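This is model_16.txt (compact mmCIF, C-alpha atoms).
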```txt
# COMPACT_ATOMS: atom_id res chain seq x y z
CA MET Y 1 -73.74 -216.47 -104.90
CA ILE Y 2 -76.65 -216.26 -102.45
CA ALA Y 3 -75.10 -213.15 -100.95
CA ALA Y 4 -75.10 -211.51 -104.38
CA LEU Y 5 -78.73 -212.51 -104.93
CA LEU Y 6 -79.72 -211.03 -101.58
CA ALA Y 7 -77.88 -207.82 -102.39
CA VAL Y 8 -79.65 -207.53 -105.75
CA TYR Y 9 -82.96 -208.23 -104.03
CA ALA Y 10 -82.30 -205.52 -101.44
CA LEU Y 11 -81.45 -203.03 -104.19
CA LEU Y 12 -84.67 -203.91 -106.02
CA VAL Y 13 -86.79 -203.37 -102.91
CA VAL Y 14 -85.03 -200.20 -101.91
CA TYR Y 15 -84.98 -198.51 -105.33
CA GLY Y 16 -87.78 -200.24 -107.20
CA LEU Y 17 -90.59 -200.35 -104.65
CA PRO Y 18 -90.98 -196.77 -103.31
CA HIS Y 19 -92.05 -195.14 -106.56
CA PRO Y 20 -94.89 -197.49 -107.55
CA LEU Y 21 -96.04 -197.85 -103.95
CA ARG Y 22 -96.17 -194.09 -103.49
CA ARG Y 23 -98.10 -193.64 -106.73
CA ALA Y 24 -100.49 -196.54 -106.13
CA VAL Y 25 -104.15 -195.57 -105.74
CA TRP Y 26 -105.14 -198.53 -103.59
CA THR Y 27 -103.08 -197.31 -100.63
CA SER Y 28 -105.70 -194.65 -99.89
CA ARG Y 29 -108.46 -197.25 -99.94
CA ALA Y 30 -106.63 -199.68 -97.68
CA PRO Y 31 -104.27 -197.55 -95.57
CA ARG Y 32 -103.61 -200.22 -92.97
CA LEU Y 33 -102.56 -202.70 -95.63
CA ALA Y 34 -100.31 -200.06 -97.16
CA ILE Y 35 -98.73 -199.30 -93.77
CA THR Y 36 -97.98 -203.00 -93.35
CA MET Y 37 -96.44 -203.17 -96.81
CA TRP Y 38 -94.14 -200.18 -96.21
CA LEU Y 39 -93.01 -201.66 -92.91
CA ALA Y 40 -92.52 -205.12 -94.43
CA ALA Y 41 -90.42 -203.59 -97.22
CA GLY Y 42 -88.23 -201.82 -94.69
CA VAL Y 43 -87.73 -204.93 -92.58
CA SER Y 44 -87.11 -207.01 -95.70
CA ALA Y 45 -84.42 -204.70 -97.05
CA VAL Y 46 -82.56 -204.47 -93.75
CA LEU Y 47 -82.81 -208.23 -93.27
CA ALA Y 48 -81.58 -208.99 -96.79
CA VAL Y 49 -78.55 -206.71 -96.37
CA LEU Y 50 -77.69 -208.18 -92.98
CA LEU Y 51 -78.01 -211.74 -94.27
CA ALA Y 52 -75.89 -210.95 -97.33
CA LEU Y 53 -73.20 -209.59 -95.01
CA VAL Y 54 -73.43 -212.69 -92.80
CA LEU Y 55 -72.85 -214.80 -95.90
CA LEU Y 56 -69.61 -212.90 -96.53
CA ILE Y 57 -68.40 -214.11 -93.14
CA VAL Y 58 -69.59 -217.72 -93.17
CA PRO Y 59 -70.26 -219.92 -96.21
CA ALA Y 60 -73.89 -220.61 -97.07
CA HIS Y 61 -73.68 -224.25 -96.08
CA THR Y 62 -73.08 -223.22 -92.46
CA PHE Y 63 -76.81 -222.76 -92.03
CA GLY Y 64 -77.40 -226.24 -93.38
CA ASP Y 65 -74.72 -227.56 -91.03
CA LEU Y 66 -76.35 -225.84 -88.10
CA LEU Y 67 -79.57 -227.66 -88.94
CA ILE Y 68 -77.78 -230.94 -89.44
CA LEU Y 69 -75.79 -230.78 -86.23
CA PRO Y 70 -78.63 -231.58 -83.87
CA VAL Y 71 -80.02 -234.18 -86.27
CA GLN Y 72 -76.80 -236.10 -86.83
CA TRP Y 73 -75.06 -235.47 -83.59
CA CYS Y 74 -72.66 -238.37 -84.14
CA GLY Y 75 -71.23 -237.09 -87.40
CA TRP Y 76 -70.70 -233.55 -86.25
CA ALA Y 77 -66.96 -233.65 -86.85
CA ASP Y 78 -67.57 -233.52 -90.61
CA HIS Y 79 -69.57 -230.37 -90.25
CA HIS Y 80 -67.57 -228.28 -87.85
CA LEU Y 81 -68.14 -224.55 -87.89
CA PRO Y 82 -65.79 -222.60 -90.15
CA SER Y 83 -62.51 -221.59 -88.59
CA LEU Y 84 -62.09 -217.92 -87.93
CA THR Y 85 -59.33 -216.84 -90.26
CA TRP Y 86 -59.64 -213.30 -91.51
CA THR Y 87 -60.13 -212.92 -95.21
CA VAL Y 88 -61.08 -209.77 -97.11
CA SER Y 89 -64.68 -210.78 -97.52
CA ARG Y 90 -65.03 -211.67 -93.82
CA THR Y 91 -63.60 -208.31 -92.84
CA VAL Y 92 -66.02 -206.53 -95.19
CA GLY Y 93 -68.92 -208.60 -93.88
CA THR Y 94 -68.13 -207.95 -90.22
CA ALA Y 95 -67.52 -204.25 -90.79
CA GLY Y 96 -70.80 -204.03 -92.72
CA ILE Y 97 -72.84 -205.71 -90.01
CA VAL Y 98 -71.28 -203.62 -87.27
CA GLY Y 99 -71.82 -200.49 -89.34
CA VAL Y 100 -75.50 -201.21 -90.05
CA LEU Y 101 -76.26 -202.17 -86.45
CA LEU Y 102 -74.37 -199.20 -85.01
CA ARG Y 103 -76.17 -196.78 -87.28
CA LEU Y 104 -79.54 -198.29 -86.43
CA GLY Y 105 -78.76 -198.31 -82.73
CA TYR Y 106 -77.49 -194.74 -82.77
CA ALA Y 107 -80.59 -193.50 -84.59
CA THR Y 108 -82.90 -195.47 -82.29
CA VAL Y 109 -81.34 -194.06 -79.15
CA GLY Y 110 -81.28 -190.52 -80.51
CA VAL Y 111 -84.88 -190.56 -81.67
CA THR Y 112 -86.33 -192.25 -78.60
CA LEU Y 113 -84.49 -189.99 -76.18
CA VAL Y 114 -85.83 -186.83 -77.83
CA GLN Y 115 -89.26 -188.40 -78.03
CA ARG Y 116 -89.29 -189.48 -74.41
CA ARG Y 117 -88.22 -186.12 -73.12
CA ALA Y 118 -90.79 -184.24 -75.21
CA ARG Y 119 -93.53 -186.67 -74.26
CA LEU Y 120 -92.87 -186.43 -70.52
CA ARG Y 121 -92.87 -182.64 -70.72
CA HIS Y 122 -96.09 -182.54 -72.77
CA ARG Y 123 -97.78 -184.99 -70.44
CA ARG Y 124 -96.89 -182.94 -67.39
CA ASP Y 125 -97.87 -179.68 -69.06
CA VAL Y 126 -101.21 -181.08 -70.17
CA ARG Y 127 -101.95 -182.52 -66.75
CA LEU Y 128 -101.08 -179.32 -64.93
CA VAL Y 129 -102.64 -176.69 -67.18
CA GLY Y 130 -105.40 -178.76 -68.75
CA ARG Y 131 -108.74 -179.68 -67.21
CA PHE Y 132 -109.85 -183.28 -67.31
CA LEU Y 133 -113.31 -183.80 -68.78
CA PRO Y 134 -114.50 -187.16 -67.43
CA THR Y 135 -117.59 -187.33 -69.67
CA LEU Y 136 -115.42 -187.47 -72.81
CA ASP Y 137 -112.25 -188.82 -71.15
CA VAL Y 138 -110.18 -185.99 -72.63
CA PHE Y 139 -108.06 -183.12 -71.35
CA VAL Y 140 -109.08 -179.62 -72.37
CA LEU Y 141 -106.60 -176.79 -72.83
CA ASP Y 142 -108.02 -173.34 -72.36
CA HIS Y 143 -107.06 -171.91 -75.75
CA PRO Y 144 -109.26 -170.35 -78.44
CA GLN Y 145 -107.63 -171.94 -81.50
CA PRO Y 146 -109.61 -175.11 -82.38
CA SER Y 147 -107.18 -178.00 -82.24
CA ALA Y 148 -106.85 -181.62 -81.15
CA PHE Y 149 -104.02 -184.05 -80.60
CA CYS Y 150 -103.09 -187.14 -78.66
CA LEU Y 151 -100.13 -188.04 -76.48
CA PRO Y 152 -99.17 -191.70 -76.82
CA GLY Y 153 -97.81 -193.74 -73.95
CA ARG Y 154 -99.31 -194.96 -70.67
CA GLY Y 155 -102.69 -195.65 -72.18
CA GLY Y 156 -102.56 -192.41 -74.11
CA THR Y 157 -104.22 -189.06 -73.61
CA VAL Y 158 -106.52 -187.19 -75.97
CA VAL Y 159 -106.25 -183.41 -75.75
CA LEU Y 160 -108.67 -180.85 -77.15
CA SER Y 161 -108.47 -177.09 -77.05
CA ALA Y 162 -111.41 -175.17 -75.64
CA GLY Y 163 -111.74 -173.70 -79.13
CA ALA Y 164 -112.32 -177.17 -80.60
CA LEU Y 165 -114.82 -177.98 -77.88
CA HIS Y 166 -116.83 -174.86 -78.71
CA THR Y 167 -116.50 -174.98 -82.49
CA LEU Y 168 -117.28 -178.63 -83.18
CA PRO Y 169 -120.88 -179.89 -83.24
CA PRO Y 170 -121.32 -183.05 -81.10
CA ALA Y 171 -121.08 -185.53 -84.01
CA GLU Y 172 -117.82 -183.99 -85.23
CA LEU Y 173 -116.45 -183.79 -81.71
CA HIS Y 174 -116.94 -187.52 -81.36
CA ALA Y 175 -115.34 -188.04 -84.76
CA VAL Y 176 -112.23 -186.14 -83.66
CA ILE Y 177 -111.97 -188.10 -80.43
CA ALA Y 178 -112.52 -191.42 -82.24
CA HIS Y 179 -109.77 -190.45 -84.72
CA GLU Y 180 -107.31 -189.79 -81.91
CA ARG Y 181 -108.26 -192.98 -80.08
CA THR Y 182 -107.63 -194.95 -83.28
CA HIS Y 183 -104.11 -193.49 -83.30
CA LEU Y 184 -103.63 -194.62 -79.71
CA TYR Y 185 -105.15 -198.11 -80.01
CA GLY Y 186 -103.38 -198.68 -83.32
CA ARG Y 187 -100.01 -197.71 -81.81
CA HIS Y 188 -99.52 -195.38 -84.76
CA HIS Y 189 -96.76 -193.54 -82.94
CA LEU Y 190 -94.64 -196.70 -83.09
CA VAL Y 191 -95.08 -196.85 -86.86
CA ILE Y 192 -93.95 -193.23 -87.15
CA THR Y 193 -91.08 -193.76 -84.73
CA GLY Y 194 -89.85 -196.74 -86.76
CA ALA Y 195 -90.04 -194.70 -89.95
CA VAL Y 196 -88.18 -191.79 -88.36
CA VAL Y 197 -85.45 -194.10 -87.04
CA LEU Y 198 -84.92 -195.70 -90.46
CA ALA Y 199 -84.96 -192.32 -92.19
CA ARG Y 200 -82.41 -190.97 -89.76
CA ALA Y 201 -80.16 -194.02 -90.00
CA PHE Y 202 -80.35 -194.54 -93.77
CA GLY Y 203 -81.89 -191.36 -95.17
CA PHE Y 204 -79.91 -191.74 -98.40
CA VAL Y 205 -81.90 -194.88 -99.24
CA PRO Y 206 -85.00 -193.97 -101.29
CA LEU Y 207 -87.24 -196.51 -99.55
CA PHE Y 208 -86.58 -195.06 -96.10
CA ALA Y 209 -86.65 -191.47 -97.25
CA ASP Y 210 -90.09 -191.98 -98.83
CA ALA Y 211 -91.55 -194.28 -96.18
CA HIS Y 212 -91.51 -191.56 -93.55
CA GLY Y 213 -93.75 -189.11 -95.40
CA GLU Y 214 -96.02 -191.82 -96.74
CA LEU Y 215 -96.51 -193.42 -93.33
CA ARG Y 216 -97.40 -190.04 -91.84
CA ARG Y 217 -100.09 -189.67 -94.48
CA LEU Y 218 -101.31 -193.25 -94.16
CA VAL Y 219 -101.71 -193.28 -90.36
CA GLU Y 220 -103.98 -190.23 -90.68
CA LEU Y 221 -106.09 -192.04 -93.28
CA ALA Y 222 -106.18 -195.14 -91.07
CA ALA Y 223 -107.31 -193.03 -88.12
CA ASP Y 224 -109.99 -191.38 -90.27
CA ASP Y 225 -111.24 -194.83 -91.22
CA GLY Y 226 -111.21 -195.83 -87.56
CA ALA Y 227 -113.29 -192.77 -86.71
CA ALA Y 228 -115.65 -193.54 -89.60
CA ARG Y 229 -116.42 -196.92 -88.03
CA HIS Y 230 -117.94 -195.10 -85.03
CA CYS Y 231 -119.31 -191.97 -86.68
CA PRO Y 232 -120.74 -190.99 -90.09
CA ARG Y 233 -118.00 -190.41 -92.69
CA ASP Y 234 -119.39 -186.95 -93.37
CA ALA Y 235 -118.92 -185.99 -89.72
CA VAL Y 236 -115.25 -187.02 -89.90
CA ALA Y 237 -114.78 -185.07 -93.12
CA HIS Y 238 -116.38 -181.94 -91.73
CA ALA Y 239 -114.38 -182.19 -88.52
CA VAL Y 240 -111.15 -182.29 -90.53
CA LEU Y 241 -112.31 -179.34 -92.60
CA ARG Y 242 -113.33 -177.33 -89.55
CA LEU Y 243 -110.07 -177.84 -87.65
CA ALA Y 244 -108.02 -177.17 -90.79
CA ALA Y 245 -109.54 -173.70 -91.15
CA PRO Y 246 -106.80 -171.06 -91.23
CA PRO Y 247 -106.35 -169.45 -87.80
CA ALA Y 248 -107.43 -165.85 -87.44
CA THR Y 249 -104.13 -164.76 -85.98
CA ALA Y 250 -101.52 -166.36 -88.19
CA LEU Y 251 -100.99 -167.82 -91.62
CA GLY Y 252 -101.95 -171.45 -92.13
CA MET Y 253 -99.36 -174.16 -92.13
CA GLY Y 254 -100.14 -175.29 -95.65
CA GLY Y 255 -100.53 -179.02 -95.07
CA GLY Y 256 -102.79 -178.40 -98.10
CA THR Y 257 -102.78 -181.34 -100.48
CA ALA Y 258 -102.73 -183.97 -97.72
CA VAL Y 259 -105.71 -182.42 -95.95
CA ARG Y 260 -107.58 -182.02 -99.22
CA GLN Y 261 -107.06 -185.67 -100.01
CA ARG Y 262 -108.24 -186.70 -96.55
CA VAL Y 263 -111.48 -184.73 -96.73
CA LEU Y 264 -112.43 -185.66 -100.29
CA ARG Y 265 -111.60 -189.31 -99.69
CA LEU Y 266 -114.04 -189.40 -96.77
CA LEU Y 267 -116.80 -187.75 -98.79
CA ALA Y 268 -116.32 -189.90 -101.88
CA ALA Y 269 -116.63 -193.01 -99.67
CA ARG Y 270 -115.22 -195.47 -102.16
CA GLU Y 271 -115.81 -199.08 -101.36
CA PRO Y 272 -113.00 -200.85 -99.57
CA LEU Y 273 -110.72 -203.14 -101.58
CA GLY Y 274 -112.26 -206.47 -102.53
CA ALA Y 275 -111.08 -209.69 -100.96
CA PRO Y 276 -108.95 -210.81 -103.96
CA ALA Y 277 -107.15 -207.46 -104.08
CA VAL Y 278 -106.47 -207.61 -100.33
CA ALA Y 279 -105.25 -211.22 -100.62
CA ALA Y 280 -102.90 -210.32 -103.47
CA ARG Y 281 -101.33 -207.52 -101.41
CA ALA Y 282 -101.10 -209.74 -98.35
CA LEU Y 283 -99.16 -212.22 -100.48
CA TRP Y 284 -96.78 -209.44 -101.51
CA ILE Y 285 -96.26 -208.57 -97.86
CA ALA Y 286 -95.63 -212.21 -96.98
CA ALA Y 287 -93.18 -212.49 -99.85
CA LEU Y 288 -91.30 -209.41 -98.66
CA LEU Y 289 -90.93 -210.89 -95.21
CA PHE Y 290 -90.04 -214.46 -96.25
CA LEU Y 291 -87.91 -214.09 -99.38
CA PRO Y 292 -84.72 -213.04 -97.59
CA LEU Y 293 -85.13 -215.83 -95.07
CA ALA Y 294 -86.01 -218.33 -97.79
CA ALA Y 295 -82.81 -217.43 -99.65
CA ILE Y 296 -80.76 -218.98 -96.86
CA ALA Y 297 -83.31 -221.41 -95.43
CA LEU Y 298 -83.98 -223.29 -98.67
CA PRO Y 299 -80.36 -224.27 -99.38
CA ALA Y 300 -80.03 -225.21 -95.71
CA LEU Y 301 -83.13 -227.38 -95.87
CA SER Y 302 -81.98 -229.04 -99.08
CA ASP Y 303 -78.68 -229.79 -97.34
CA LEU Y 304 -80.59 -231.33 -94.51
CA GLY Y 305 -82.69 -233.38 -96.90
CA TYR Y 306 -79.56 -234.57 -98.66
CA HIS Y 307 -78.02 -235.72 -95.39
CA CYS Y 308 -81.14 -237.45 -94.20
CA ALA Y 309 -81.63 -239.31 -97.43
CA MET T 1 -96.67 -191.89 -58.49
CA GLU T 2 -99.71 -191.04 -60.58
CA GLN T 3 -101.52 -189.92 -57.42
CA LEU T 4 -98.75 -187.48 -56.61
CA GLY T 5 -99.10 -186.21 -60.17
CA ASP T 6 -102.80 -185.62 -59.67
CA LEU T 7 -102.00 -183.78 -56.46
CA GLU T 8 -99.52 -181.57 -58.36
CA ALA T 9 -102.29 -180.62 -60.78
CA GLU T 10 -104.71 -179.93 -57.96
CA ILE T 11 -102.24 -177.77 -56.07
CA MET T 12 -101.24 -175.79 -59.17
CA ASP T 13 -104.93 -175.21 -59.79
CA ARG T 14 -105.36 -173.72 -56.29
CA VAL T 15 -102.23 -171.58 -56.58
CA TRP T 16 -103.37 -170.21 -59.95
CA SER T 17 -106.83 -169.46 -58.58
CA ALA T 18 -105.46 -167.65 -55.52
CA ARG T 19 -104.90 -163.91 -55.67
CA GLY T 20 -101.34 -163.33 -54.65
CA PRO T 21 -98.76 -165.49 -52.86
CA VAL T 22 -99.91 -168.42 -50.74
CA THR T 23 -98.36 -170.54 -48.00
CA VAL T 24 -98.50 -174.31 -47.72
CA ARG T 25 -101.08 -173.86 -44.97
CA ASP T 26 -103.31 -171.75 -47.26
CA VAL T 27 -103.17 -174.32 -50.05
CA ARG T 28 -103.88 -177.16 -47.64
CA GLY T 29 -107.00 -175.32 -46.53
CA LEU T 30 -108.14 -174.91 -50.15
CA LEU T 31 -107.83 -178.60 -51.07
CA ALA T 32 -111.00 -180.67 -51.25
CA ARG T 33 -109.64 -183.53 -49.13
CA PRO T 34 -107.73 -183.37 -45.84
CA LEU T 35 -104.04 -184.05 -46.45
CA ALA T 36 -101.02 -184.06 -44.19
CA TYR T 37 -99.17 -180.74 -44.04
CA THR T 38 -95.92 -182.47 -45.00
CA THR T 39 -97.49 -184.06 -48.10
CA VAL T 40 -98.61 -180.69 -49.41
CA MET T 41 -95.24 -179.19 -48.51
CA THR T 42 -93.36 -181.95 -50.36
CA VAL T 43 -95.42 -181.55 -53.52
CA MET T 44 -95.08 -177.76 -53.49
CA ASP T 45 -91.34 -178.10 -52.97
CA ARG T 46 -91.24 -180.40 -56.00
CA LEU T 47 -93.21 -177.92 -58.07
CA PHE T 48 -90.74 -175.24 -57.04
CA ARG T 49 -87.80 -177.43 -58.11
CA LYS T 50 -89.45 -178.16 -61.44
CA GLY T 51 -89.82 -174.44 -62.06
CA TRP T 52 -93.61 -174.21 -61.85
CA LEU T 53 -93.65 -172.23 -58.59
CA ARG T 54 -91.58 -169.32 -57.31
CA ARG T 55 -91.16 -168.77 -53.59
CA GLU T 56 -89.84 -166.29 -51.12
CA ARG T 57 -89.17 -166.76 -47.45
CA SER T 58 -91.56 -165.16 -45.04
CA GLY T 59 -90.78 -165.85 -41.41
CA ARG T 60 -90.31 -169.55 -40.92
CA SER T 61 -92.13 -170.69 -44.06
CA TYR T 62 -92.29 -169.86 -47.76
CA ARG T 63 -94.87 -167.91 -49.73
CA TYR T 64 -95.43 -169.44 -53.16
CA GLN T 65 -96.51 -167.92 -56.48
CA PRO T 66 -96.91 -169.48 -59.93
CA ALA T 67 -93.87 -168.87 -62.13
CA LEU T 68 -96.13 -168.28 -65.13
CA SER T 69 -99.88 -167.83 -65.42
CA ARG T 70 -101.97 -170.77 -66.51
CA SER T 71 -102.76 -169.11 -69.81
CA ALA T 72 -99.07 -168.45 -70.48
CA TYR T 73 -98.28 -172.15 -70.06
CA THR T 74 -101.25 -173.09 -72.22
CA ALA T 75 -100.22 -170.64 -74.93
CA ARG T 76 -96.68 -172.02 -74.93
CA LEU T 77 -97.86 -175.61 -75.24
CA MET T 78 -100.39 -174.79 -77.93
CA SER T 79 -97.93 -172.79 -79.99
CA GLU T 80 -95.58 -175.78 -79.96
CA VAL T 81 -98.37 -178.03 -81.17
CA LEU T 82 -99.69 -175.60 -83.77
CA SER T 83 -96.39 -174.44 -85.20
CA GLY T 84 -95.04 -177.96 -85.39
CA THR T 85 -91.64 -176.86 -84.15
CA GLU T 86 -91.29 -180.07 -82.20
CA ASP T 87 -90.27 -183.10 -84.24
CA ARG T 88 -93.57 -183.75 -85.91
CA GLY T 89 -95.47 -186.78 -84.79
CA LEU T 90 -92.72 -187.94 -82.51
CA ALA T 91 -94.13 -186.76 -79.24
CA LEU T 92 -97.74 -186.30 -80.25
CA LEU T 93 -100.09 -186.88 -83.15
CA HIS T 94 -101.91 -183.75 -84.26
CA PHE T 95 -105.43 -184.14 -85.66
CA VAL T 96 -104.89 -181.86 -88.64
CA GLU T 97 -102.67 -178.95 -89.55
CA THR T 98 -104.30 -175.67 -90.45
CA MET T 99 -104.33 -174.76 -94.12
CA GLY T 100 -103.50 -171.60 -95.99
CA ALA T 101 -106.54 -169.39 -96.68
CA ALA T 102 -106.61 -169.99 -100.45
CA GLU T 103 -106.26 -173.77 -100.15
CA TYR T 104 -108.93 -173.86 -97.48
CA GLU T 105 -111.44 -171.92 -99.57
CA SER T 106 -110.79 -174.16 -102.55
CA LEU T 107 -111.32 -177.28 -100.45
CA ARG T 108 -114.50 -175.87 -98.94
CA SER T 109 -116.00 -175.24 -102.33
CA ALA T 110 -114.98 -178.74 -103.42
CA VAL T 111 -116.81 -180.15 -100.39
CA GLN T 112 -119.90 -178.07 -101.19
CA TRP T 113 -119.84 -179.29 -104.78
CA HIS T 114 -119.59 -182.88 -103.59
CA GLU T 115 -122.52 -182.51 -101.27
CA ALA T 116 -124.65 -180.69 -103.80
CA ARG T 117 -124.04 -183.51 -106.24
CA ARG T 118 -125.07 -186.05 -103.66
CA MET T 119 -128.24 -184.08 -102.89
CA ARG T 120 -129.15 -184.19 -106.57
CA GLY T 121 -128.68 -187.94 -106.36
CA GLY T 122 -126.05 -187.82 -109.06
CA ASP T 123 -123.64 -190.60 -109.90
CA SER T 124 -121.97 -190.32 -106.52
CA ALA T 125 -120.55 -193.65 -105.48
CA SER T 126 -121.68 -193.28 -101.91
CA PRO T 127 -122.89 -196.51 -100.35
CA ALA T 128 -123.66 -194.84 -97.03
```

Represent the structure contained in this file as structure tokens.
Amino acid sequence: MIAALLAVYALLVVYGLPHPLRRAVWTSRAPRLAITMWLAAGVSAVLAVLLALVLLIVPAHTFGDLLILPVQWCGWADHHLPSLTWTVSRTVGTAGIVGVLLRLGYATVGVTLVQRRARLRHRRDVRLVGRFLPTLDVFVLDHPQPSAFCLPGRGGTVVLSAGALHTLPPAELHAVIAHERTHLYGRHHLVITGAVVLARAFGFVPLFADAHGELRRLVELAADDGAARHCPRDAVAHAVLRLAAPPATALGMGGGTAVRQRVLRLLAAREPLGAPAVAARALWIAALLFLPLAAIALPALSDLGYHCA
Amino acid sequence: MEQLGDLEAEIMDRVWSARGPVTVRDVRGLLARPLAYTTVMTVMDRLFRKGWLRRERSGRSYRYQPALSRSAYTARLMSEVLSGTEDRGLALLHFVETMGAAEYESLRSAVQWHEARRMRGGDSASPA
């Protein structure tokens, strides 16, 4: 019964949430809140599925028994753990859990290995060919194309091309560096890594397929906001515009609509979400995280209450 | 560990700046601080094993040259970043991708329109 409820809940989150959340306007005004909500939805769905599978293996009252055991140590014989005979549902439950965990583990290892290798190589390349600029605490690559990026890990490194250093006026230069530092302090790479892992493991699930692209967009908005706390919003907007200019040598990449949204959002400078709106979304996030746990914790607690009475 | 890394960068810098092949002794003479011959030799040997330096025997020692010029390495790294061939966002976070010419022009005129409106003191909702 509870297993079925959890499964329905997981389906609702996984199929029902992505569309409205992707279309919502508030996400651009409160990107950090939106990032949290996407992550909470992902955790919630995985948790609900795992718990539903656990309930196929052991009956729901096991959790209540586990709580009761330490309380009523004397009467533990009445509440022994279920014997391990194999039924169909237990086999399905075990296979499901093993399958989900294996897939997650496989994706995690694959993604982090590639990431680690690339990051070590980039770090070494940057350190050997770049020049460290102590005044700005950045590495500079001697290349004419204006560009900037950051390498996460070990405190993080901000890298600018010589082209960016020459093209950007001082205010915009500081905006770019503040943007990259927000990425590093905010551990945005971990958000992206998590999204990539989930997309690789369960790419057929709409929530995880959508979360990846959305989180990419949202961490950039969050970093723009972080930069705008240190610099004028206009400076951030113009820095984005300047570094998005099509290169002289090649065709542009065409990250078009996302960049357009970033720049115009900074210039429009809409007020941040009000406290009630933020609180409402925080409640949603809390609900996402606690509902799956509540589904098994509440019956267990009521069991406990019944025994204690 | 990190100090050895810094030394690698310093030594590569000297080798790139030198005209033609150099020996460990030459590089040691070019470094700002006095270091043991063996330290410099170890680091240069490591750079050779990692593929950054090429070397040929001359007498009892080696003469080292950079495998690629500094600008060639830089160009390779930058083209990876700019083209986005690496798994995007996994190893690094890029500030912004460049746009196509038409999209860029359209965005630039939108920005100009925005700012003109603000100059006129229109109904722009700018608190700043």

Can you build me a table of chain T residues sitting at most 10 Å from chain Y, with the closest atom pair per residue and its distance in Å to one decimal, using all atoms listed in the file, sorted by chain and residue number, as a tab-separated table?
```
residue	atom	partner	partner_atom	distance
T:Gly5	CA	Y:Arg127	CA	8.1
T:Asp6	CA	Y:Arg127	CA	7.8
T:Leu7	CA	Y:Leu128	CA	9.6
T:Glu8	CA	Y:Leu128	CA	7.1
T:Ala9	CA	Y:Leu128	CA	4.5
T:Glu10	CA	Y:Leu128	CA	7.9
T:Ile11	CA	Y:Leu128	CA	9.1
T:Met12	CA	Y:Leu128	CA	6.8
T:Asp13	CA	Y:Leu128	CA	7.6
T:Trp16	CA	Y:Val129	CA	9.7
T:Trp52	CA	Y:Leu128	CA	9.6
T:Ser69	CA	Y:Val129	CA	9.4
T:Arg70	CA	Y:Val129	CA	6.0
T:Ser71	CA	Y:Asp142	CA	7.2
T:Ala72	CA	Y:Val129	CA	9.6
T:Tyr73	CA	Y:Val129	CA	6.9
T:Thr74	CA	Y:Val129	CA	6.3
T:Ala75	CA	Y:His143	CA	7.0
T:Arg76	CA	Y:Asp125	CA	9.7
T:Leu77	CA	Y:Asp125	CA	7.4
T:Met78	CA	Y:His143	CA	7.6
T:Ser79	CA	Y:Gln145	CA	9.9
T:Glu80	CA	Y:His122	CA	9.9
T:Val81	CA	Y:Phe149	CA	8.3
T:Leu82	CA	Y:Ser147	CA	8.0
T:Ser83	CA	Y:Met253	CA	7.5
T:Gly84	CA	Y:Met253	CA	8.9
T:Glu86	CA	Y:Ala118	CA	8.2
T:Asp87	CA	Y:Gln115	CA	8.2
T:Arg88	CA	Y:Arg216	CA	9.5
T:Gly89	CA	Y:Ile192	CA	7.0
T:Leu90	CA	Y:Gln115	CA	5.7
T:Ala91	CA	Y:Arg119	CA	5.0
T:Leu92	CA	Y:Leu151	CA	4.8
T:Leu93	CA	Y:Cys150	CA	5.4
T:His94	CA	Y:Phe149	CA	4.2
T:Phe95	CA	Y:Phe149	CA	5.3
T:Val96	CA	Y:Ala244	CA	6.0
T:Glu97	CA	Y:Ala244	CA	5.8
T:Thr98	CA	Y:Ala244	CA	4.0
T:Met99	CA	Y:Gly254	CA	4.5
T:Gly100	CA	Y:Gly252	CA	4.2
T:Ala101	CA	Y:Pro246	CA	5.7
T:Ala102	CA	Y:Pro246	CA	9.3
T:Glu103	CA	Y:Gly256	CA	6.1
T:Tyr104	CA	Y:Ala245	CA	6.4
T:Glu105	CA	Y:Ala245	CA	8.8
T:Ser106	CA	Y:Arg260	CA	9.1
T:Leu107	CA	Y:Arg260	CA	6.2
T:Arg108	CA	Y:Leu241	CA	7.6
T:Ala110	CA	Y:Leu264	CA	8.0
T:Val111	CA	Y:Leu264	CA	7.0
T:His114	CA	Y:Leu267	CA	7.4
T:Glu115	CA	Y:Leu267	CA	8.1
T:Arg118	CA	Y:Ala268	CA	9.7
T:Ser124	CA	Y:Ala268	CA	7.3
T:Ala125	CA	Y:Arg270	CA	6.5
T:Ser126	CA	Y:Ala269	CA	5.5
T:Pro127	CA	Y:Ala269	CA	7.2
T:Ala128	CA	Y:Ala269	CA	7.7
```

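Near stretch 12-19 of chain Y, within 7 Å and counting all atoms listed in the file, sit Val8, Tyr9, Arg22, Arg23, Ala41, Ala45, Val205, Pro206, Leu207 and Asp210 of chain Y; same-chain residues fewer than 3 positions away were not included.
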
Interatomic distance (Å, one decimal) between atom CA of Y:Ala24 and atom CA of Y:Tyr185: 26.6 Å

Nearest candidate to T:Val27 (options T:Gly121, T:Phe48, T:Ser109, T:Gln65; using all atoms listed in the file):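 Closest to T:Val27 of all the choices is T:Gln65.
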
Residue among Y:Ala195, Y:Ala48, Y:Leu173, Y:Val109 lying closest to Y:Leu6, counting only C-alpha atoms: Y:Ala48

Please write as an mmCIF file with C-alpha atoms, in the frame of the given file the list of polymer residues whose atoms come within 7 Å of (-92.2, -170.6, -57.9), counting all atoms listed in the file and keeping to the coordinates of the file.
```
data_model
loop_
_atom_site.group_PDB
_atom_site.id
_atom_site.type_symbol
_atom_site.label_atom_id
_atom_site.label_comp_id
_atom_site.auth_asym_id
_atom_site.auth_seq_id
_atom_site.Cartn_x
_atom_site.Cartn_y
_atom_site.Cartn_z
ATOM 1 C CA PHE T 48 -90.740 -175.240 -57.040
ATOM 2 C CA GLY T 51 -89.820 -174.440 -62.060
ATOM 3 C CA TRP T 52 -93.610 -174.210 -61.850
ATOM 4 C CA LEU T 53 -93.650 -172.230 -58.590
ATOM 5 C CA ARG T 54 -91.580 -169.320 -57.310
ATOM 6 C CA ARG T 55 -91.160 -168.770 -53.590
ATOM 7 C CA TYR T 64 -95.430 -169.440 -53.160
ATOM 8 C CA GLN T 65 -96.510 -167.920 -56.480
ATOM 9 C CA PRO T 66 -96.910 -169.480 -59.930
ATOM 10 C CA ALA T 67 -93.870 -168.870 -62.130
#
```
